[in-house]
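Undergrad: The following file, protein_22.txt, comprises compact mmCIF, C-alpha atoms:
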# COMPACT_ATOMS: atom_id res chain seq x y z
CA MET A 12 0.00 0.00 0.00
CA ASP A 13 1.29 3.45 -0.92
CA THR A 14 1.52 5.49 2.32
CA PRO A 15 3.08 8.83 3.29
CA LEU A 16 5.40 7.17 5.81
CA ALA A 17 8.41 7.40 3.48
CA GLN A 18 7.66 10.95 2.38
CA THR A 19 9.87 13.87 3.33
CA SER A 20 7.04 16.41 3.01
CA PRO A 21 4.64 16.80 5.95
CA ILE A 22 1.17 15.41 6.19
CA ILE A 23 -1.13 18.38 5.74
CA ILE A 24 -4.40 18.46 7.66
CA ALA A 25 -6.86 21.07 6.42
CA GLY A 26 -9.17 22.04 9.26
CA ALA A 27 -8.42 22.51 12.97
CA GLY A 28 -11.72 21.42 14.42
CA ILE A 29 -11.95 18.43 16.71
CA ALA A 30 -11.63 15.86 13.90
CA GLY A 31 -8.61 17.49 12.28
CA SER A 32 -6.94 18.11 15.65
CA ALA A 33 -7.47 14.51 16.73
CA ALA A 34 -6.04 13.28 13.44
CA ALA A 35 -2.97 15.49 14.01
CA TYR A 36 -2.53 13.98 17.48
CA PHE A 37 -2.81 10.34 16.39
CA LEU A 38 -0.55 10.83 13.36
CA ALA A 39 2.04 12.64 15.45
CA ARG A 40 2.01 9.71 17.91
CA GLN A 41 3.38 7.63 15.00
CA GLY A 42 6.33 10.00 14.70
CA LEU A 43 5.03 11.70 11.56
CA ASN A 44 5.57 15.34 10.64
CA VAL A 45 2.16 17.04 10.65
CA GLU A 46 1.07 20.55 9.74
CA VAL A 47 -2.48 21.80 10.41
CA LEU A 48 -4.10 24.57 8.36
CA ASP A 49 -7.26 26.45 9.30
CA ALA A 50 -9.12 29.16 7.43
CA ALA A 51 -9.58 30.97 10.76
CA ILE A 52 -8.33 29.61 14.09
CA PRO A 53 -8.62 26.21 15.83
CA ALA A 54 -12.18 25.33 16.92
CA ALA A 55 -13.59 28.44 15.23
CA GLY A 56 -16.43 26.46 13.66
CA ALA A 57 -18.82 23.81 14.97
CA SER A 58 -16.27 22.40 17.43
CA GLY A 59 -16.24 25.66 19.35
CA ALA A 60 -20.03 26.09 19.30
CA SER A 61 -21.11 22.61 20.33
CA ASP A 62 -22.98 21.34 23.38
CA GLY A 63 -20.07 19.04 24.29
CA ALA A 64 -22.07 15.81 24.46
CA VAL A 65 -19.95 12.65 24.32
CA SER A 66 -23.02 10.53 23.98
CA VAL A 67 -24.58 7.49 22.37
CA ALA A 68 -28.06 8.40 23.65
CA SER A 69 -29.33 10.03 20.47
CA LYS A 70 -27.52 7.88 17.91
CA ARG A 71 -29.33 5.82 15.34
CA PRO A 72 -28.83 2.05 15.59
CA GLY A 73 -26.12 0.94 13.20
CA PRO A 74 -22.69 2.36 12.39
CA LEU A 75 -23.22 5.66 14.24
CA MET A 76 -24.24 3.93 17.46
CA SER A 77 -21.30 1.52 17.18
CA ALA A 78 -18.87 4.37 16.53
CA ALA A 79 -20.29 6.39 19.45
CA LEU A 80 -19.68 3.51 21.86
CA LYS A 81 -16.05 3.35 20.72
CA GLY A 82 -15.89 7.15 20.91
CA ILE A 83 -16.93 7.23 24.56
CA ALA A 84 -14.43 4.48 25.36
CA LEU A 85 -11.67 6.49 23.66
CA TYR A 86 -12.46 9.61 25.68
CA ARG A 87 -12.38 7.55 28.87
CA SER A 88 -9.01 6.08 27.87
CA LEU A 89 -7.50 9.46 26.96
CA ALA A 90 -8.71 10.90 30.26
CA GLN A 91 -7.11 8.03 32.18
CA GLU A 92 -3.86 8.52 30.25
CA GLY A 93 -3.84 12.17 31.28
CA LEU A 94 -4.33 13.82 27.88
CA LEU A 95 -7.96 14.70 28.60
CA ALA A 96 -7.75 14.64 32.40
CA ALA A 97 -10.20 17.22 33.82
CA GLU A 98 -11.64 17.73 30.31
CA PHE A 99 -13.82 14.62 29.98
CA HIS A 100 -16.45 14.18 32.68
CA GLU A 101 -18.56 11.05 32.90
CA ARG A 102 -22.28 11.33 33.59
CA SER A 103 -25.67 10.00 32.48
CA THR A 104 -27.95 11.41 29.82
CA PHE A 105 -31.67 11.53 30.65
CA ILE A 106 -34.09 11.32 27.71
CA VAL A 107 -37.45 12.74 28.79
CA ALA A 108 -40.93 12.23 27.34
CA SER A 109 -43.72 14.63 28.22
CA THR A 110 -46.26 13.64 25.52
CA ALA A 111 -47.72 10.35 24.35
CA GLU A 112 -45.86 10.65 21.04
CA GLU A 113 -42.53 11.19 22.80
CA GLU A 114 -43.27 8.31 25.17
CA ALA A 115 -43.69 5.98 22.20
CA VAL A 116 -40.45 7.27 20.73
CA LEU A 117 -38.59 6.62 23.99
CA GLU A 118 -39.91 3.09 24.25
CA ARG A 119 -38.63 2.27 20.75
CA HIS A 120 -35.32 4.02 21.28
CA GLY A 121 -34.76 2.43 24.68
CA THR A 122 -35.18 -0.98 23.08
CA ALA A 123 -32.67 -0.08 20.38
CA LEU A 124 -30.12 1.14 22.93
CA ALA A 125 -30.52 -1.93 25.13
CA SER A 126 -30.18 -4.21 22.09
CA ALA A 127 -26.79 -2.62 21.43
CA GLY A 128 -25.65 -3.52 24.94
CA ILE A 129 -26.07 -0.03 26.38
CA ARG A 130 -27.19 0.19 30.00
CA VAL A 131 -30.54 1.99 30.15
CA THR A 132 -32.85 2.51 33.12
CA ALA A 133 -36.48 3.62 32.69
CA PHE A 134 -38.36 5.73 35.26
CA SER A 135 -42.01 6.71 35.47
CA GLY A 136 -44.36 8.12 38.08
CA PRO A 137 -42.90 8.87 41.55
CA ALA A 138 -39.54 7.33 40.56
CA ILE A 139 -38.93 10.32 38.26
CA VAL A 140 -39.19 12.74 41.18
CA ARG A 141 -36.78 10.69 43.28
CA ARG A 142 -34.17 10.37 40.54
CA PHE A 143 -34.53 13.79 38.89
CA PRO A 144 -36.32 16.22 41.23
CA ALA A 145 -35.87 19.26 38.97
CA LEU A 146 -38.13 17.82 36.25
CA SER A 147 -41.67 19.02 35.65
CA PRO A 148 -44.59 16.81 36.70
CA ALA A 149 -45.39 16.70 32.97
CA ALA A 150 -42.55 14.20 32.47
CA CYS A 151 -44.21 10.82 31.98
CA LEU A 152 -41.24 8.63 31.08
CA VAL A 153 -37.49 9.07 31.56
CA LEU A 154 -34.69 6.93 30.16
CA GLU A 155 -31.34 7.19 31.92
CA VAL A 156 -28.53 6.28 29.54
CA HIS A 157 -25.54 5.38 31.68
CA GLY A 158 -21.82 5.78 30.97
CA GLU A 159 -21.98 8.96 28.90
CA GLY A 160 -19.86 12.08 29.21
CA HIS A 161 -19.20 15.71 28.43
CA ALA A 162 -16.23 17.61 27.01
CA ILE A 163 -15.91 21.22 25.87
CA GLY A 164 -14.92 21.23 22.23
CA TYR A 165 -12.43 24.08 22.10
CA GLN A 166 -10.64 22.81 25.21
CA VAL A 167 -10.28 19.32 23.71
CA VAL A 168 -8.97 20.84 20.46
CA HIS A 169 -6.37 22.81 22.43
CA ARG A 170 -5.23 19.69 24.30
CA LEU A 171 -4.96 17.62 21.11
CA LEU A 172 -3.03 20.22 19.14
CA SER A 173 -0.70 20.99 22.02
CA ALA A 174 0.08 17.31 22.55
CA SER A 175 0.62 16.73 18.83
CA ARG A 176 3.21 19.52 18.62
CA ALA A 177 2.04 20.01 15.04
CA THR A 178 2.73 23.25 13.25
CA VAL A 179 -0.56 25.16 13.09
CA HIS A 180 -1.14 27.71 10.31
CA ARG A 181 -3.96 30.09 11.34
CA ASN A 182 -5.94 32.16 8.82
CA CYS A 183 -4.61 29.87 6.09
CA LYS A 184 -7.39 28.66 3.82
CA VAL A 185 -6.87 25.76 1.40
CA GLU A 186 -8.00 27.03 -2.00
CA GLY A 187 -6.91 24.19 -4.28
CA LEU A 188 -4.87 21.02 -4.63
CA LEU A 189 -1.54 20.41 -6.40
CA THR A 190 -1.11 16.98 -7.97
CA CYS A 191 1.54 14.98 -9.77
CA ALA A 192 1.53 14.79 -13.58
CA ASP A 193 -0.92 11.90 -13.85
CA GLY A 194 -3.23 13.38 -11.19
CA SER A 195 -3.13 10.32 -8.95
CA ARG A 196 -1.24 11.85 -6.06
CA ILE A 197 -1.35 15.13 -4.11
CA ILE A 198 2.00 16.91 -3.88
CA GLY A 199 0.81 20.13 -2.24
CA VAL A 200 -1.95 22.63 -1.65
CA HIS A 201 -2.72 26.17 -2.77
CA THR A 202 -3.53 28.32 0.27
CA SER A 203 -4.42 31.93 0.93
CA LYS A 204 -0.81 32.33 2.10
CA GLY A 205 0.87 30.54 -0.81
CA ALA A 206 1.70 26.96 -1.79
CA LEU A 207 2.73 24.23 0.65
CA ASP A 208 4.22 20.81 -0.12
CA ALA A 209 2.32 17.78 1.15
CA GLY A 210 3.30 14.14 1.56
CA ALA A 211 -0.38 13.44 2.13
CA LEU A 212 -3.51 15.52 2.65
CA LEU A 213 -6.43 15.03 5.05
CA ILE A 214 -9.35 17.36 4.36
CA ALA A 215 -11.30 18.03 7.57
CA THR A 216 -12.69 21.44 6.68
CA GLY A 217 -16.35 20.96 7.57
CA ASN A 218 -18.60 23.18 5.48
CA GLY A 219 -15.56 24.46 3.57
CA THR A 220 -15.20 21.01 2.00
CA SER A 221 -18.14 21.48 -0.34
CA ALA A 222 -16.51 23.95 -2.75
CA LEU A 223 -13.12 22.23 -2.57
CA LEU A 224 -14.39 18.80 -3.64
CA GLY A 225 -17.63 19.50 -5.49
CA LEU A 226 -19.97 18.33 -2.75
CA SER A 227 -22.64 21.04 -2.88
CA GLY A 228 -25.35 18.41 -3.31
CA VAL A 229 -23.96 16.25 -0.52
CA LEU A 230 -22.95 18.61 2.31
CA THR A 231 -25.34 21.09 3.94
CA PRO A 232 -24.56 23.75 6.58
CA ARG A 233 -27.11 22.91 9.28
CA LYS A 234 -27.63 25.81 11.63
CA GLY A 235 -28.07 25.36 15.35
CA GLN A 236 -28.98 27.96 17.99
CA LEU A 237 -28.04 27.60 21.66
CA LEU A 238 -28.51 29.57 24.89
CA VAL A 239 -26.57 29.99 28.14
CA THR A 240 -28.22 31.08 31.41
CA GLU A 241 -26.89 32.53 34.63
CA ARG A 242 -25.75 30.27 37.50
CA ASP A 243 -28.05 28.45 39.89
CA ARG A 244 -26.12 25.79 41.78
CA ALA A 245 -29.15 24.73 43.84
CA LEU A 246 -31.12 23.95 40.69
CA SER A 247 -28.10 22.24 39.17
CA ALA A 248 -27.88 19.97 42.22
CA GLY A 249 -31.34 18.62 41.35
CA MET A 250 -30.14 17.59 37.87
CA PRO A 251 -27.97 14.44 37.99
CA GLY A 252 -27.15 14.68 34.29
CA SER A 253 -28.04 16.33 31.00
CA ILE A 254 -31.58 16.30 29.62
CA MET A 255 -32.62 15.39 26.09
CA SER A 256 -36.26 15.62 25.13
CA GLY A 257 -37.99 12.93 23.12
CA ARG A 258 -38.54 15.66 20.54
CA TYR A 259 -34.76 15.79 20.03
CA LEU A 260 -34.76 12.24 18.70
CA LEU A 261 -37.42 13.23 16.19
CA SER A 262 -35.66 16.43 15.09
CA LYS A 263 -32.42 14.53 14.56
CA GLY A 264 -33.99 11.59 12.78
CA SER A 265 -32.83 9.03 15.37
CA GLN A 266 -36.47 7.91 15.47
CA LYS A 267 -39.30 8.53 13.03
CA ALA A 268 -42.30 10.76 13.68
CA ALA A 269 -45.79 10.08 12.42
CA GLY A 270 -45.91 13.29 10.41
CA ALA A 271 -43.46 15.29 8.29
CA ARG A 272 -40.59 17.14 9.87
CA ASP A 273 -40.72 20.91 10.07
CA GLN A 274 -38.24 23.07 8.16
CA ARG A 275 -36.93 24.25 11.53
CA GLY A 276 -36.57 21.39 13.96
CA PHE A 277 -36.57 22.00 17.71
CA GLY A 278 -34.94 19.34 19.84
CA LEU A 279 -34.57 20.40 23.45
CA VAL A 280 -31.33 19.71 25.30
CA ILE A 281 -30.63 21.11 28.79
CA ASP A 282 -27.10 20.71 30.04
CA PRO A 283 -26.12 21.64 33.62
CA LEU A 284 -22.60 22.98 33.16
CA ARG A 285 -19.84 22.64 35.72
CA THR A 286 -19.99 26.42 36.21
CA GLY A 287 -23.54 26.15 37.59
CA GLN A 288 -24.95 27.64 34.38
CA PHE A 289 -27.25 25.86 31.93
CA LEU A 290 -26.73 25.33 28.23
CA ILE A 291 -30.03 25.10 26.35
CA GLY A 292 -30.40 23.98 22.76
CA GLY A 293 -31.25 23.73 20.08
CA THR A 294 -32.44 24.00 16.54
CA ARG A 295 -31.69 22.17 13.30
CA GLU A 296 -32.13 24.55 10.37
CA ASP A 297 -31.18 24.34 6.72
CA HIS A 298 -31.80 28.03 6.11
CA GLY A 299 -30.98 31.46 7.51
CA ASP A 300 -27.80 33.21 8.58
CA THR A 301 -25.75 30.58 10.41
CA ARG A 302 -24.09 33.28 12.54
CA GLN A 303 -27.25 34.79 14.04
CA THR A 304 -29.96 33.83 16.51
CA ASP A 305 -33.56 35.04 16.25
CA LEU A 306 -36.24 35.91 18.76
CA GLU A 307 -38.68 33.22 17.64
CA ALA A 308 -36.17 30.43 18.14
CA VAL A 309 -34.82 31.80 21.42
CA SER A 310 -38.34 32.27 22.82
CA THR A 311 -39.39 28.76 21.80
CA MET A 312 -36.31 27.15 23.36
CA LEU A 313 -36.74 29.08 26.62
CA ARG A 314 -40.42 28.17 26.83
CA GLN A 315 -39.76 24.48 26.18
CA ALA A 316 -36.92 24.43 28.71
CA ALA A 317 -39.03 26.04 31.44
CA ASP A 318 -41.88 23.63 30.70
CA LEU A 319 -39.54 20.70 31.32
CA VAL A 320 -37.47 22.21 34.17
CA PRO A 321 -39.69 24.87 35.83
CA GLY A 322 -36.82 26.27 37.90
CA LEU A 323 -35.20 27.64 34.74
CA ALA A 324 -38.00 30.22 34.42
CA ARG A 325 -36.46 32.35 37.18
CA LEU A 326 -33.01 32.54 35.55
CA ARG A 327 -31.72 35.26 33.27
CA LEU A 328 -30.51 34.48 29.77
CA LEU A 329 -26.88 35.58 29.43
CA ARG A 330 -26.01 34.59 25.90
CA SER A 331 -27.44 33.22 22.68
CA PHE A 332 -25.26 32.00 19.84
CA ALA A 333 -25.43 30.03 16.62
CA GLY A 334 -23.16 27.73 14.65
CA ALA A 335 -23.26 25.64 11.51
CA ARG A 336 -22.79 21.88 11.64
CA THR A 337 -21.79 20.03 8.48
CA ALA A 338 -24.57 17.62 7.53
CA VAL A 339 -24.29 14.87 4.90
CA ALA A 340 -27.22 13.94 2.66
CA ASP A 341 -27.48 10.41 4.05
CA ALA A 342 -26.73 11.48 7.67
CA LEU A 343 -23.45 9.55 7.81
CA PRO A 344 -20.04 11.23 7.94
CA LEU A 345 -17.48 11.13 5.15
CA ALA A 346 -14.29 9.37 6.26
CA GLY A 347 -11.88 7.61 3.96
CA ARG A 348 -9.60 7.87 0.95
CA LEU A 349 -10.45 10.31 -1.83
CA PRO A 350 -11.51 8.31 -4.90
CA GLY A 351 -8.76 8.23 -7.52
CA CYS A 352 -6.07 9.55 -5.16
CA THR A 353 -3.40 7.48 -3.43
CA ASN A 354 -2.61 9.95 -0.62
CA GLY A 355 -5.70 12.13 -0.25
CA TYR A 356 -8.28 11.64 2.50
CA ILE A 357 -11.49 13.27 3.74
CA LEU A 358 -12.91 13.49 7.27
CA THR A 359 -16.04 15.59 7.70
CA GLY A 360 -19.83 15.65 8.00
CA PHE A 361 -20.47 14.71 11.65
CA GLU A 362 -23.31 17.23 12.00
CA GLY A 363 -24.03 17.43 15.75
CA ASP A 364 -21.97 14.36 16.62
CA GLY A 365 -18.46 15.69 16.04
CA ILE A 366 -17.45 15.98 19.69
CA CYS A 367 -18.27 12.32 20.29
CA LEU A 368 -17.34 10.79 16.94
CA GLY A 369 -14.57 13.08 15.67
CA PRO A 370 -11.66 11.69 17.74
CA VAL A 371 -12.47 8.00 17.30
CA VAL A 372 -13.00 8.29 13.54
CA ALA A 373 -9.85 10.44 13.30
CA LYS A 374 -7.90 7.69 15.06
CA ALA A 375 -9.18 5.20 12.48
CA MET A 376 -8.21 7.59 9.69
CA ALA A 377 -4.70 7.94 11.12
CA ALA A 378 -4.34 4.16 10.98
CA LEU A 379 -5.57 4.14 7.37
CA ILE A 380 -3.09 6.86 6.39
CA CYS A 381 -0.28 4.85 8.02
CA GLY A 382 -1.24 1.75 6.06
CA ARG A 383 -2.69 -0.14 9.02
CA GLU A 384 -6.10 -1.72 9.53
CA PRO A 385 -8.32 0.70 11.50
CA GLU A 386 -9.97 -0.57 14.68
CA LEU A 387 -13.21 1.10 13.55
CA ASP A 388 -14.96 -0.08 10.39
CA LEU A 389 -14.89 2.91 8.02
CA ALA A 390 -16.79 1.20 5.20
CA PRO A 391 -20.18 2.85 6.01
CA PHE A 392 -18.49 6.27 5.81
CA ALA A 393 -16.60 5.71 2.53
CA PRO A 394 -16.55 8.88 0.39
CA ASP A 395 -16.96 6.98 -2.88
CA ARG A 396 -20.62 6.35 -2.07
CA PHE A 397 -21.25 9.78 -3.61
CA ALA A 398 -20.57 9.91 -7.34
CA SER A 399 -20.49 13.73 -7.34
CA LEU A 400 -17.32 13.84 -5.22
CA ARG A 401 -14.50 14.97 -7.48
CA PHE A 402 -10.78 14.94 -6.97
CA ALA A 403 -9.07 17.51 -9.16
CA ALA A 404 -6.29 20.06 -8.90
The structure given in the file should be rewritten as structure tokens.
TA:
Amino acid sequence: MDTPLAQTSPIIIAGAGIAGSAAAYFLARQGLNVEVLDAAIPAAGASGASDGAVSVASKRPGPLMSAALKGIALYRSLAQEGLLAAEFHERSTFIVASTAEEEAVLERHGTALASAGIRVTAFSGPAIVRRFPALSPAACLVLEVHGEGHAIGYQVVHRLLSASRATVHRNCKVEGLLTCADGSRIIGVHTSKGALDAGALLIATGNGTSALLGLSGVLTPRKGQLLVTERDRALSAGMPGSIMSGRYLLSKGSQKAAGARDQRGFGLVIDPLRTGQFLIGGTREDHGDTRQTDLEAVSTMLRQAADLVPGLARLRLLRSFAGARTAVADALPLAGRLPGCTNGYILTGFEGDGICLGPVVAKAMAALICGREPELDLAPFAPDRFASLRFAA
């Protein structure tokens, strides 16, 4: 197998989000020379505007659920090794139903999680109050998904890049690819700061990947709006983990609704942060300015949050912000070798799952680049499943 191991030029990673940063770390652990390029700064995109969930709770059965389980295990291992010590915090996720439709969704999803070997505990009636006293009496069924965790995206990115000792080029956008004469191999990249040689190239540029590789019909910037409240440690003490509404599973497509999905999906998540504040999300939108929040969305999220956790109604909203996840048409990430190229690779399209899945898929990609068999099956994420993907200088 032709690999970059014998190359004198560095491995170039385009994109310093969590996936690109993790790839830099795992490649550097093999003694390889790695350089990371970002059009802005590390974690400037979705990785810096995420809810931080390292979670299998919302994943669809199949390759995403399998990858998420390996992703959580990897975080736990990296925390034990010291790399992510004090960054990864284990906890449960509580999926809450407050309507008959959501209750039916939770019953199906709980079965799917349990079938995958995930420990799930169901609560109803007075047991809900004992386990999660901050919840509204409207909650009719709660699933506790055990063994989950939380990590703040930009902090994880910083740890990974620092440990990799990779050269990081900020404000350096990849604008094109340089190839050998027969076009089968990448020899460098055109950037906004000039040309750089490359022994291999990993493209992890999120929404910037579309124009670079002709994926406008495959990749979609999916907007999400989130909120942060003031502190209330007493209320936080009554929340033994993060909350995910049954509606979230519907908005994400983890389970199917009876009717059609709205253009703007609301899927409530309430996360008690270690600061004593609460992160509230979120929306899934394929339209609008991805940098801005709007009053309708903010009002809806606040109302839904207070309906589920009444104590939130007395808190002030401190901040609202938006970001753009990179969504793939078939809801599976792109991870693998670029078709027709011996040393080009792509790693993108995690949508809202990048914090959980980015590092473990990046580790598998690092193995692939080094000519080894990845521990994670990358076949479901192969880029060549989309005929429109082009590799050209």
Undergrad: Record the distance separating CA of Met376 in chain A and CA of Ala398 in chain A, expressed in Å with one decimal.
TA: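 Calculated distance between CA of Met376 in chain A and CA of Ala398 in chain A is 21.2 Å.
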Undergrad: Just checking: using only C-alpha atoms, which residue out of A:Ile52, A:Ile357, A:Cys183, A:Leu284 ends up closest to Ala27 in chain A?
TA: A:Ile52
Undergrad: Of the candidates A:Arg285, A:Arg87, A:Arg325, A:Lys204, which one gets nearest to Gly252 in chain A if we count all atoms listed in the file?
TA: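 Ranked by minimum distance to Gly252 in chain A, first place goes to A:Arg285.
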Undergrad: In Å, rounded to a single decimal, give me how far CA of Gly225 in chain A is from CA of Arg401 in chain A.
TA: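 Distance between the two atoms: 5.9 Å.
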Undergrad: Can you work out which one of A:Thr353, A:Thr132, A:Ser221, A:Thr337 has the shortest atom-to-atom distance to Thr190 in chain A, counting only C-alpha atoms?
TA: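 Among the listed residues, the smallest separation from Thr190 in chain A belongs to A:Thr353.
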Undergrad: With range 55-69 of chain A as the partner and 8 Å as the cut-off, tabulate the residues of range 228-339 of chain A that qualify, each row holding the nearest pair of atoms and their distance in Å to one decimal, using all atoms listed in the file, sorted by chain and rising number, as JSON lines.
TA:
{"residue": "A:Tyr259", "atom": "CA", "partner": "A:Ser69", "partner_atom": "CA", "distance": 7.9}
{"residue": "A:Leu260", "atom": "CA", "partner": "A:Ser69", "partner_atom": "CA", "distance": 6.1}
{"residue": "A:Ser265", "atom": "CA", "partner": "A:Ser69", "partner_atom": "CA", "distance": 6.3}
{"residue": "A:Asp282", "atom": "CA", "partner": "A:Asp62", "partner_atom": "CA", "distance": 7.9}
{"residue": "A:Leu290", "atom": "CA", "partner": "A:Asp62", "partner_atom": "CA", "distance": 7.3}
{"residue": "A:Gly292", "atom": "CA", "partner": "A:Asp62", "partner_atom": "CA", "distance": 7.9}
{"residue": "A:Phe332", "atom": "CA", "partner": "A:Ala60", "partner_atom": "CA", "distance": 7.9}
{"residue": "A:Ala333", "atom": "CA", "partner": "A:Ala60", "partner_atom": "CA", "distance": 7.2}
{"residue": "A:Gly334", "atom": "CA", "partner": "A:Ala60", "partner_atom": "CA", "distance": 5.8}
{"residue": "A:Ala335", "atom": "CA", "partner": "A:Ala57", "partner_atom": "CA", "distance": 5.9}
{"residue": "A:Arg336", "atom": "CA", "partner": "A:Ala57", "partner_atom": "CA", "distance": 5.5}
Undergrad: What does the distance from CA of Leu223 in chain A to CA of Ala174 in chain A come to in Å, to one decimal?
TA: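 If I compute the distance from CA of Leu223 in chain A to CA of Ala174 in chain A, I get 28.8 Å.
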Undergrad: Centre and edge lengths, as JSON, for the axis-aligned box enclosing every listed atom of range 251-262 of chain A with 4 Å of padding on each of the six sides, in Å to one decimal?
TA:
{"center_x": -32.8, "center_y": 14.3, "center_z": 26.5, "size_x": 19.4, "size_y": 12.2, "size_z": 30.9}
Undergrad: From the list A:Ser331, A:Gln166, A:Gln288, A:Thr122, which residue is nearest Arg302 in chain A when using all atoms listed in the file?
TA: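 Checking each candidate against Arg302 in chain A, we get A:Ser331 as the closest.
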Undergrad: Using only C-alpha atoms, pick whichever of A:Ala149, A:Val371, A:Leu237, A:Ala50 has the shortest atom-to-atom distance to Gln303 in chain A.
TA: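 Of the candidates, the smallest distance to Gln303 in chain A is held by A:Leu237.
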Undergrad: Just checking: using only C-alpha atoms, which residue out of A:Asp49, A:Tyr36, A:Asp208, A:Ser310 ends up closest to Arg181 in chain A?
TA: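 Going through A:Asp49, A:Tyr36, A:Asp208, A:Ser310 one by one, the smallest distance to Arg181 in chain A is for A:Asp49.
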